[in-house]
Amino acid sequence: MGVDYGTRRVGLALSDPTGTLATPLTTLVRRHGKRAPVGRIVELARRHDVDRFVLGLPLHPQEGENTWTAEARKFGRRLRDRSGLPVHFIDESYSSAEAEARIRFVGAKRAKREDKARIDAGAAAIILQDWLDARALDAPADRDGGGAA
């Protein structure tokens, strides 16, 4: 399961069973000042037979890690502890901008709130796809795929 962790929303995506293709799943809205809905994410992961999480890590292009990166790592630890599943981190630089460009390119006439939710789920799919692609490049050709992320 790909996760785009944000201050207002958490975008989620799933891979296909072969671990080849990522698709947006949903976006969960965080209530103002509230923690991210870890329980709901874990519930969705169990429902979809997820065997790991791939969490986007917000890295600053010149400075690397920052306070938001630390917050994302803390969230990843909470997700790992509650689910018992591994959490992999990957640079999420520009994933939201790329998702927004793709959604706007489609030309859909939707309300801004719906677009933002689609963008966050789309960013999660981009984060997951980047991880799946990197893993595929590093893996031997005869691996079994290892299940859904």
# chains A, B, ... in the order shown; residues from 1 in each chain; ligands from 1
>>> select_by_dssp(residues="region 19-100 of chain A", states="helix (DSSP H, G or I)", output="ChimeraX atom specification")
/A:38-47,67-83,95-100
>>> residues_around(residues="Leu128 (chain A)", least_positions_apart="6", cutoff="12 Å", atoms="only C-alpha atoms", output="PyMOL selection string")
chain A and resi 1-4+11-16+19-25+52-57+87-92+95+121-122+134-135+148-149
>>> write_last_selection(atoms="N, CA, C and O atoms", output="compact mmCIF listing (two decimals), in the first residue's frame")
# COMPACT_ATOMS: atom_id res chain seq x y z
N MET A 1 0.85 -1.18 0.00
CA MET A 1 0.00 0.00 0.00
C MET A 1 0.89 1.24 0.00
O MET A 1 1.77 1.38 0.85
N GLY A 2 0.67 2.11 -0.96
CA GLY A 2 1.38 3.38 -1.01
C GLY A 2 0.66 4.40 -0.17
O GLY A 2 -0.57 4.42 -0.12
N VAL A 3 1.44 5.26 0.51
CA VAL A 3 0.87 6.25 1.42
C VAL A 3 1.49 7.61 1.14
O VAL A 3 2.71 7.77 1.19
N ASP A 4 0.62 8.58 0.84
CA ASP A 4 1.03 9.98 0.71
C ASP A 4 0.52 10.69 1.97
O ASP A 4 -0.66 11.03 2.06
N GLY A 11 -3.33 10.15 1.27
CA GLY A 11 -3.67 9.43 0.05
C GLY A 11 -3.17 8.00 0.14
O GLY A 11 -2.09 7.74 0.66
N LEU A 12 -3.97 7.07 -0.39
CA LEU A 12 -3.62 5.65 -0.36
C LEU A 12 -3.74 5.05 -1.76
O LEU A 12 -4.60 5.44 -2.54
N ALA A 13 -2.85 4.10 -2.03
CA ALA A 13 -2.85 3.39 -3.31
C ALA A 13 -2.50 1.93 -3.06
O ALA A 13 -1.90 1.60 -2.04
N LEU A 14 -2.86 1.09 -4.03
CA LEU A 14 -2.56 -0.34 -3.95
C LEU A 14 -1.83 -0.79 -5.20
O LEU A 14 -2.01 -0.21 -6.28
N SER A 15 -1.06 -1.86 -5.04
CA SER A 15 -0.48 -2.50 -6.22
C SER A 15 -1.35 -3.68 -6.61
O SER A 15 -2.15 -4.17 -5.80
N ASP A 16 -1.17 -4.13 -7.83
CA ASP A 16 -1.82 -5.37 -8.24
C ASP A 16 -1.11 -6.53 -7.54
O ASP A 16 -0.04 -6.34 -6.96
N GLY A 19 2.61 -7.04 -7.97
CA GLY A 19 3.54 -5.99 -7.56
C GLY A 19 4.11 -5.21 -8.73
O GLY A 19 5.24 -4.73 -8.67
N THR A 20 3.31 -5.07 -9.78
CA THR A 20 3.77 -4.41 -11.00
C THR A 20 3.16 -3.03 -11.20
O THR A 20 3.84 -2.10 -11.59
N LEU A 21 1.88 -2.88 -10.90
CA LEU A 21 1.16 -1.65 -11.24
C LEU A 21 0.45 -1.09 -10.00
O LEU A 21 -0.28 -1.81 -9.33
N ALA A 22 0.65 0.19 -9.76
CA ALA A 22 0.00 0.88 -8.63
C ALA A 22 -1.21 1.66 -9.14
O ALA A 22 -1.16 2.27 -10.21
N THR A 23 -2.28 1.63 -8.33
CA THR A 23 -3.48 2.41 -8.67
C THR A 23 -3.97 3.13 -7.42
O THR A 23 -3.86 2.61 -6.30
N PRO A 24 -4.54 4.32 -7.58
CA PRO A 24 -5.09 5.05 -6.43
C PRO A 24 -6.20 4.25 -5.77
O PRO A 24 -6.98 3.57 -6.45
N LEU A 25 -6.29 4.33 -4.45
CA LEU A 25 -7.35 3.65 -3.71
C LEU A 25 -8.34 4.66 -3.16
O LEU A 25 -9.50 4.70 -3.56
N ARG A 52 2.86 -4.87 3.00
CA ARG A 52 3.83 -3.83 3.35
C ARG A 52 3.27 -2.46 2.98
O ARG A 52 2.34 -2.36 2.19
N PHE A 53 3.88 -1.44 3.57
CA PHE A 53 3.53 -0.06 3.24
C PHE A 53 4.74 0.60 2.58
O PHE A 53 5.88 0.30 2.93
N VAL A 54 4.45 1.50 1.65
CA VAL A 54 5.48 2.33 1.04
C VAL A 54 5.05 3.76 1.31
O VAL A 54 4.03 4.22 0.79
N LEU A 55 5.80 4.44 2.15
CA LEU A 55 5.45 5.77 2.62
C LEU A 55 6.35 6.81 1.97
O LEU A 55 7.58 6.68 2.00
N GLY A 56 5.72 7.81 1.36
CA GLY A 56 6.48 8.89 0.75
C GLY A 56 7.19 9.71 1.81
O GLY A 56 6.60 10.08 2.82
N LEU A 57 8.46 9.97 1.59
CA LEU A 57 9.27 10.74 2.51
C LEU A 57 9.53 12.11 1.91
O LEU A 57 10.17 12.22 0.85
N VAL A 87 7.40 -1.06 6.81
CA VAL A 87 7.18 0.23 6.17
C VAL A 87 8.46 0.62 5.45
O VAL A 87 9.52 0.70 6.07
N HIS A 88 8.36 0.83 4.15
CA HIS A 88 9.49 1.26 3.34
C HIS A 88 9.30 2.74 3.04
O HIS A 88 8.18 3.18 2.77
N PHE A 89 10.37 3.50 3.07
CA PHE A 89 10.31 4.92 2.77
C PHE A 89 10.94 5.16 1.40
O PHE A 89 11.93 4.53 1.04
N ILE A 90 10.36 6.11 0.67
CA ILE A 90 10.89 6.50 -0.63
C ILE A 90 10.70 7.99 -0.80
O ILE A 90 9.70 8.56 -0.35
N ASP A 91 11.63 8.63 -1.46
CA ASP A 91 11.55 10.06 -1.72
C ASP A 91 10.27 10.36 -2.51
O ASP A 91 10.02 9.77 -3.55
N GLU A 92 9.47 11.26 -1.98
CA GLU A 92 8.21 11.60 -2.64
C GLU A 92 8.27 12.93 -3.36
O GLU A 92 7.24 13.47 -3.78
N SER A 95 5.77 14.29 -6.14
CA SER A 95 4.71 13.32 -6.47
C SER A 95 3.34 14.00 -6.53
O SER A 95 2.54 13.69 -7.41
N ALA A 121 -4.55 10.66 -3.58
CA ALA A 121 -4.54 9.23 -3.90
C ALA A 121 -3.64 8.97 -5.11
O ALA A 121 -2.92 7.97 -5.15
N GLY A 122 -3.66 9.89 -6.07
CA GLY A 122 -2.78 9.77 -7.23
C GLY A 122 -1.31 9.88 -6.85
O GLY A 122 -0.46 9.16 -7.37
N ALA A 134 11.59 0.57 -8.86
CA ALA A 134 12.96 0.45 -8.34
C ALA A 134 13.22 -0.98 -7.87
O ALA A 134 14.29 -1.54 -8.12
N ARG A 135 12.24 -1.58 -7.23
CA ARG A 135 12.37 -2.96 -6.75
C ARG A 135 12.50 -3.92 -7.93
O ARG A 135 13.29 -4.86 -7.89
N ALA A 148 1.00 -8.17 -2.57
CA ALA A 148 0.56 -6.80 -2.81
C ALA A 148 1.20 -5.85 -1.82
O ALA A 148 1.41 -6.18 -0.67
N ALA A 149 1.46 -4.66 -2.28
CA ALA A 149 1.96 -3.59 -1.42
C ALA A 149 0.87 -2.56 -1.29
O ALA A 149 -0.01 -2.46 -2.09
>>> residues_around(residues="Val10 (chain A)", least_positions_apart="3", cutoff="7 Å", atoms="only C-alpha atoms", output="CSV table (one decimal) with N, CA, C and O atoms, in the first residue's frame")
chain,number,residue,atom,x,y,z
A,3,VAL,N,1.4,5.3,0.5
A,3,VAL,CA,0.9,6.2,1.4
A,3,VAL,C,1.5,7.6,1.1
A,3,VAL,O,2.7,7.8,1.2
A,4,ASP,N,0.6,8.6,0.8
A,4,ASP,CA,1.0,10.0,0.7
A,4,ASP,C,0.5,10.7,2.0
A,4,ASP,O,-0.7,11.0,2.1
A,5,TYR,N,1.4,10.9,2.9
A,5,TYR,CA,1.1,11.4,4.2
A,5,TYR,C,1.1,13.0,4.2
A,5,TYR,O,2.1,13.6,3.8
A,6,GLY,N,0.0,13.6,4.5
A,6,GLY,CA,-0.1,15.0,4.5
A,6,GLY,C,-0.8,15.6,5.8
A,6,GLY,O,-1.3,14.9,6.6
A,27,THR,N,-8.6,8.6,-0.4
A,27,THR,CA,-8.0,9.6,0.4
A,27,THR,C,-8.7,9.7,1.7
A,27,THR,O,-10.0,9.9,1.6
A,28,LEU,N,-8.0,9.7,2.8
A,28,LEU,CA,-8.6,9.8,4.1
A,28,LEU,C,-8.4,11.3,4.5
A,28,LEU,O,-7.3,11.8,4.4
A,29,VAL,N,-9.4,11.9,5.1
A,29,VAL,CA,-9.3,13.3,5.5
A,29,VAL,C,-8.9,13.3,7.0
A,29,VAL,O,-9.6,12.5,7.8
A,120,ASP,N,-4.2,13.4,-4.0
A,120,ASP,CA,-3.5,12.8,-2.9
A,120,ASP,C,-3.5,11.2,-3.1
A,120,ASP,O,-2.4,10.6,-2.9
>>> select_by_dssp(residues="region 38-87 of chain A", states="strand (DSSP E)", output="VMD selection string")
chain A and resid 53 to 57 87
>>> closest_residue(among="A:Glu65, A:Asp138, A:Glu43, A:Asp49", to="Leu79 (chain A)", atoms="only C-alpha atoms")
A:Glu43
>>> closest_residue(among="A:Ala136, A:Ala72, A:Ala125, A:Ile119", to="Arg35 (chain A)", atoms="only C-alpha atoms")
A:Ala72
